[in-house]
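K.L.:
Input: one structure, supplied below.
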Amino acid sequence: MMKKKRTTQNKGTLTVKSAKVPPLQDQDARNVKIFGVGESEDGQRFLKVAVGEKTALLNVDNLADPRSGELKILTRLGEPLIRESARRAFRDRAHDHARAKRTFPVVTKTGFLSPELLLRGRRQEFVLPPGLATQGQPNVPCYFDPRYGQYHRRLHRTGTIRGWLELARLCRGQTRLIAALCLAFTGAVCALFGYEPPGLQFVSKGGLGKTTTGRIAVTPWGGSLDPTRRIGCGVSWNHTDLNLEIVMAALNQMLLFLDNMHSAKKENVQKIIELMNGEGRGRSTETQQASFCVPLVSTSNASVVSIARDLGMRDEIEALIDRLADIPPPAGCPYMFEGIRTPEQLRAYGDQLRRLSLNFGWAGPEFGRRLEAAVAADRAQIQAFVAARQRAYWDAAASIKSLAGRELTRISDKFATIYIAGCLAIRFKILPWNEAELLRALLTCERDHVAFVDQELGLVPARVITAHSAPLPSRSSALPRAVGPAITPLERFERYIDHHRGGGLRHGFIDVRSPDLSRLRFKLRRRRALRWNDARALVYVGGHDGRTEFWFTDRWFTEVAGGARRAATLKEELLGVGRLETYPRGEGVSYVVKRRLPDGSRSYFVVVRAKRKKPLR
């Protein structure tokens, strides 16, 4: 710095003198403390450094490469090393520390810990990326590849858990949405029990709801609040190029959504086979080969079979159709959603799905945490639960046959894995469905997949898809008010009673007709019913004047009917056939009446008499 001063020797003249500046000192990062040496499951070494109270991990391999930018981590800690002499001094210190004995393990991937770390005495933990690890990872030091950052930033939590549960309820009765949401939980299940990660591809012409289905699938882990980003936290096929293995490693044991496979390049489609096997190729500039376990949801305007043919990959068709199972729209439906018949209905339902999809990042971390706790408490019990559900799906899917003679063992195993993950999520009260409706939804998807692939291979006519498909009965109205099923409200209500009454407590029906039912036994039954259902969804089977009755809360009756307007119509229909209990109220009648419960309380219910023993047409 130069400062001008007027001298006393020669007045009126100006001379320039240098102001006093403190001499520059070599800042050799003495403020950076090195506390220990960590080692990952694949042998990479790390240094734990601290500046004040801030700490971080530095990759030793990257410190040796000046192009890696590893020292920029120190800048974020408040200790920038700009001068080459300072960098050299720190590297000299790091060189000496890095040769010391390992003092702690380091995790480099999300998901459950690797077997190598478990053998070193670590307990089973589910590691989350920074945006989802709201409580941090105090017991597991983590170092994620800097290239994962752009994908991890899309994995965070927003909205509310109630909003996400409302989204899951809106998916009820929709086979494609049910399969997509359960797929999101399979990564952790596959890693823990050694299954192959499944992949589903929703195939249709543009504008039929397949991209919305993919966006819903990834909501357990992340999303986007940007209204112009319609794929949430997904990635487009034509933008991934050879970075696919980086994306999959970043999303280890979570879920990858790839949009528009029909625009993918040949090398990307070929890469799917090896990536679904869980390993990248590795490059000459990298010391380690990437490994991961990632389920995949994809969308496309064309089937895997036709894409492989167009790209000259006929030899890979058989390997691709099992790893990425094509799922067409439901049989007889113009869109990806059952019950949607017109463009107006699609817009109304799609708007509700997209609005609720802004509640994301809740279910996935909670599933990992609860699975981690369940395995720690009793791994044998969880393994028995998983084995029983896998066998149940195999038995149910045994009747599915390919008319072209295709071997279905692998694809049935993949759907069984999705069923296992969904059943665990139901057990952990993360998905508000029941196992029976989940099983029917997945069986419908597998039937449609098998028939569709047979058709794409040119071995059977297109009409076989309809013959193989079976509609899924809906427990309650999953569609917005603007969307109406093809049956009357009374028929819908009777089907609801027929389908769910047999499930007893598991489906929320509590029989209170026994005269010797004590308060304690009633409370125990109600508590058991609440294990699978919300309190508002409970229905009591009672008796009055020698008649069997179903007692609904007015709110649940309205939801079963499909909205307030339909509920009013349904009450009029039930009253017209003499099956609705009423009592006078002023000049009119009330459609809710009092009934006494076994605990002594009296509550208002919509009381419907049991239907006559007559088959439903």
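Labels used: A, B, ... for chains in the order of the structure tokens, numbers from 1 for residues in each chain, and numbers from 1 for ligands as shown.
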Excluding same-chain residues fewer than 5 positions from Ala184 of chain A, what lies within 10 Å of it counting only C-alpha atoms, as a ChimeraX atom specification?

P.N.:
/A:179,198,216-221,253-257,294-297,363-364,418,421-422

K.L.:
Residues of segment 67-253 of chain A in helix (DSSP H, G or I) according to DSSP, as a ChimeraX atom specification?

P.N.:
/A:72-76,84-98,115-119,146-152,161-170,175-183,186-193,210-217,237-250

K.L.:
Hey, which of A:Ile317, A:Ala376, A:Val589, A:Leu183 ends up closest to Gln201 of chain A? Count only C-alpha atoms.

P.N.:
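Smallest distance to Gln201 of chain A is found for A:Leu183.
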
K.L.:
Skipping near chain neighbours, those fewer than 3 positions away, what residues fall within 12 Å of segment 392-407 of chain A using only C-alpha atoms, listed as a PyMOL selection string?

P.N.:
chain A and resi 318-319+321-322+385-389+410-420+422-423+435-436+438-461+464-465+467-470

K.L.:
Identify, on the basis of only C-alpha atoms, every residue whose closest approach to Arg76 of chain A does not exceed 12 Å; exclude the query and any residue fewer than 5 positions from it along the same chain; express the result as a VMD selection string.

P.N.:
chain A and resid 50 to 51 54 to 56 70 to 71 81

K.L.:
Just want the 7 Å neighbourhood of Leu431 of chain A, counted on only C-alpha atoms, with same-chain residues fewer than 5 positions away dropped. Output as a PyMOL selection string.

P.N.:
chain A and resi 168+425-426

K.L.:
Name all residues at most 12 Å from segment 499-504 of chain A (count only C-alpha atoms; drop same-chain ones fewer than 5 positions away) and give them as a PyMOL selection string.

P.N.:
chain A and resi 434-437+472-476+492-494+509-512+525-526+528-530+532-533+537-541+549-550+560+610+616

K.L.:
Selected residues, N, CA, C and O atoms, written as a tab-separated table (two decimals), in the first residue's frame, please.

P.N.:
chain	number	residue	atom	x	y	z
A	434	ASN	N	-53.22	-53.17	2.81
A	434	ASN	CA	-53.11	-54.49	3.44
A	434	ASN	C	-52.45	-55.45	2.45
A	434	ASN	O	-52.35	-55.17	1.25
A	435	GLU	N	-51.99	-56.58	2.94
A	435	GLU	CA	-51.22	-57.51	2.12
A	435	GLU	C	-52.05	-58.11	0.99
A	435	GLU	O	-51.52	-58.40	-0.09
A	436	ALA	N	-53.35	-58.31	1.24
A	436	ALA	CA	-54.18	-58.93	0.22
A	436	ALA	C	-54.29	-58.05	-1.03
A	436	ALA	O	-54.13	-58.52	-2.16
A	437	GLU	N	-54.56	-56.75	-0.84
A	437	GLU	CA	-54.68	-55.88	-2.01
A	437	GLU	C	-53.32	-55.67	-2.68
A	437	GLU	O	-53.25	-55.51	-3.91
A	472	LEU	N	-58.55	-55.04	-10.13
A	472	LEU	CA	-58.28	-55.03	-8.69
A	472	LEU	C	-59.43	-54.36	-7.96
A	472	LEU	O	-59.70	-53.19	-8.17
A	473	PRO	N	-60.13	-55.09	-7.06
A	473	PRO	CA	-61.17	-54.43	-6.27
A	473	PRO	C	-60.55	-53.37	-5.38
A	473	PRO	O	-59.48	-53.57	-4.81
A	474	SER	N	-61.20	-52.26	-5.27
A	474	SER	CA	-60.68	-51.16	-4.47
A	474	SER	C	-61.32	-51.15	-3.10
A	474	SER	O	-62.51	-51.32	-2.96
A	475	ARG	N	-60.48	-50.95	-2.07
A	475	ARG	CA	-61.02	-50.91	-0.72
A	475	ARG	C	-61.85	-49.67	-0.49
A	475	ARG	O	-62.85	-49.67	0.19
A	476	SER	N	-61.39	-48.59	-1.04
A	476	SER	CA	-62.13	-47.34	-0.89
A	476	SER	C	-61.87	-46.50	-2.12
A	476	SER	O	-61.06	-46.83	-2.97
A	492	ARG	N	-70.74	-50.33	-5.55
A	492	ARG	CA	-69.40	-50.13	-4.97
A	492	ARG	C	-69.43	-50.44	-3.48
A	492	ARG	O	-68.51	-51.10	-2.95
A	493	PHE	N	-70.45	-49.96	-2.79
A	493	PHE	CA	-70.53	-50.16	-1.36
A	493	PHE	C	-70.67	-51.66	-1.03
A	493	PHE	O	-70.02	-52.17	-0.11
A	494	GLU	N	-71.52	-52.36	-1.77
A	494	GLU	CA	-71.71	-53.79	-1.51
A	494	GLU	C	-70.44	-54.58	-1.78
A	494	GLU	O	-70.12	-55.53	-1.06
A	509	PHE	N	-62.82	-54.52	10.48
A	509	PHE	CA	-64.17	-54.89	10.88
A	509	PHE	C	-64.13	-55.56	12.26
A	509	PHE	O	-63.44	-56.57	12.44
A	510	ILE	N	-64.85	-54.99	13.22
A	510	ILE	CA	-64.87	-55.52	14.59
A	510	ILE	C	-66.28	-56.00	14.90
A	510	ILE	O	-67.24	-55.22	14.89
A	511	ASP	N	-66.42	-57.27	15.17
A	511	ASP	CA	-67.73	-57.87	15.47
A	511	ASP	C	-68.04	-57.66	16.95
A	511	ASP	O	-67.33	-58.14	17.82
A	512	VAL	N	-69.12	-56.93	17.24
A	512	VAL	CA	-69.49	-56.62	18.63
A	512	VAL	C	-70.84	-57.24	18.99
A	512	VAL	O	-71.48	-56.82	19.95
A	525	ARG	N	-59.62	-56.17	21.03
A	525	ARG	CA	-59.93	-56.32	19.61
A	525	ARG	C	-59.71	-55.02	18.85
A	525	ARG	O	-59.19	-55.01	17.73
A	526	ARG	N	-60.12	-53.92	19.46
A	526	ARG	CA	-59.95	-52.62	18.81
A	526	ARG	C	-58.46	-52.30	18.64
A	526	ARG	O	-58.04	-51.79	17.60
A	528	ARG	N	-56.02	-54.46	18.33
A	528	ARG	CA	-55.49	-55.30	17.25
A	528	ARG	C	-55.90	-54.76	15.88
A	528	ARG	O	-55.11	-54.76	14.93
A	529	ALA	N	-57.13	-54.28	15.76
A	529	ALA	CA	-57.58	-53.72	14.49
A	529	ALA	C	-56.78	-52.48	14.11
A	529	ALA	O	-56.51	-52.22	12.93
A	530	LEU	N	-56.37	-51.70	15.12
A	530	LEU	CA	-55.63	-50.47	14.86
A	530	LEU	C	-54.19	-50.75	14.42
A	530	LEU	O	-53.50	-49.85	13.96
A	532	TRP	N	-53.48	-52.48	11.90
A	532	TRP	CA	-53.50	-52.50	10.43
A	532	TRP	C	-54.29	-51.33	9.84
A	532	TRP	O	-54.26	-51.11	8.64
A	533	ASN	N	-55.05	-50.59	10.65
A	533	ASN	CA	-55.97	-49.60	10.10
A	533	ASN	C	-55.92	-48.31	10.91
A	533	ASN	O	-55.53	-48.30	12.08
A	537	ALA	N	-61.08	-45.70	10.10
A	537	ALA	CA	-61.49	-46.72	9.13
A	537	ALA	C	-62.13	-47.93	9.80
A	537	ALA	O	-62.43	-48.90	9.11
A	538	LEU	N	-62.34	-47.90	11.11
A	538	LEU	CA	-62.94	-49.05	11.79
A	538	LEU	C	-64.44	-49.13	11.50
A	538	LEU	O	-65.14	-48.11	11.49
A	539	VAL	N	-64.92	-50.34	11.26
A	539	VAL	CA	-66.34	-50.60	11.02
A	539	VAL	C	-66.78	-51.67	12.01
A	539	VAL	O	-66.12	-52.71	12.13
A	540	TYR	N	-67.89	-51.41	12.71
A	540	TYR	CA	-68.39	-52.36	13.70
A	540	TYR	C	-69.53	-53.18	13.11
A	540	TYR	O	-70.42	-52.63	12.44
A	541	VAL	N	-69.48	-54.49	13.34
A	541	VAL	CA	-70.57	-55.37	12.93
A	541	VAL	C	-71.42	-55.62	14.18
A	541	VAL	O	-70.99	-56.32	15.11
A	549	GLU	N	-76.05	-55.45	11.49
A	549	GLU	CA	-75.84	-54.11	10.98
A	549	GLU	C	-74.34	-53.80	10.87
A	549	GLU	O	-73.52	-54.36	11.61
A	550	PHE	N	-74.02	-52.88	9.97
A	550	PHE	CA	-72.66	-52.36	9.85
A	550	PHE	C	-72.68	-50.90	10.29
A	550	PHE	O	-73.45	-50.10	9.75
A	560	VAL	N	-65.64	-44.17	1.70
A	560	VAL	CA	-65.95	-45.42	0.99
A	560	VAL	C	-66.84	-45.13	-0.21
A	560	VAL	O	-66.68	-45.70	-1.30
A	610	ALA	N	-77.40	-55.48	7.07
A	610	ALA	CA	-76.73	-56.45	6.19
A	610	ALA	C	-77.60	-56.73	4.97
A	610	ALA	O	-78.82	-56.79	5.07
A	616	LEU	N	-74.27	-60.86	-5.88
A	616	LEU	CA	-74.14	-59.54	-6.52
A	616	LEU	C	-73.95	-59.70	-8.02
A	616	LEU	O	-73.09	-60.44	-8.48
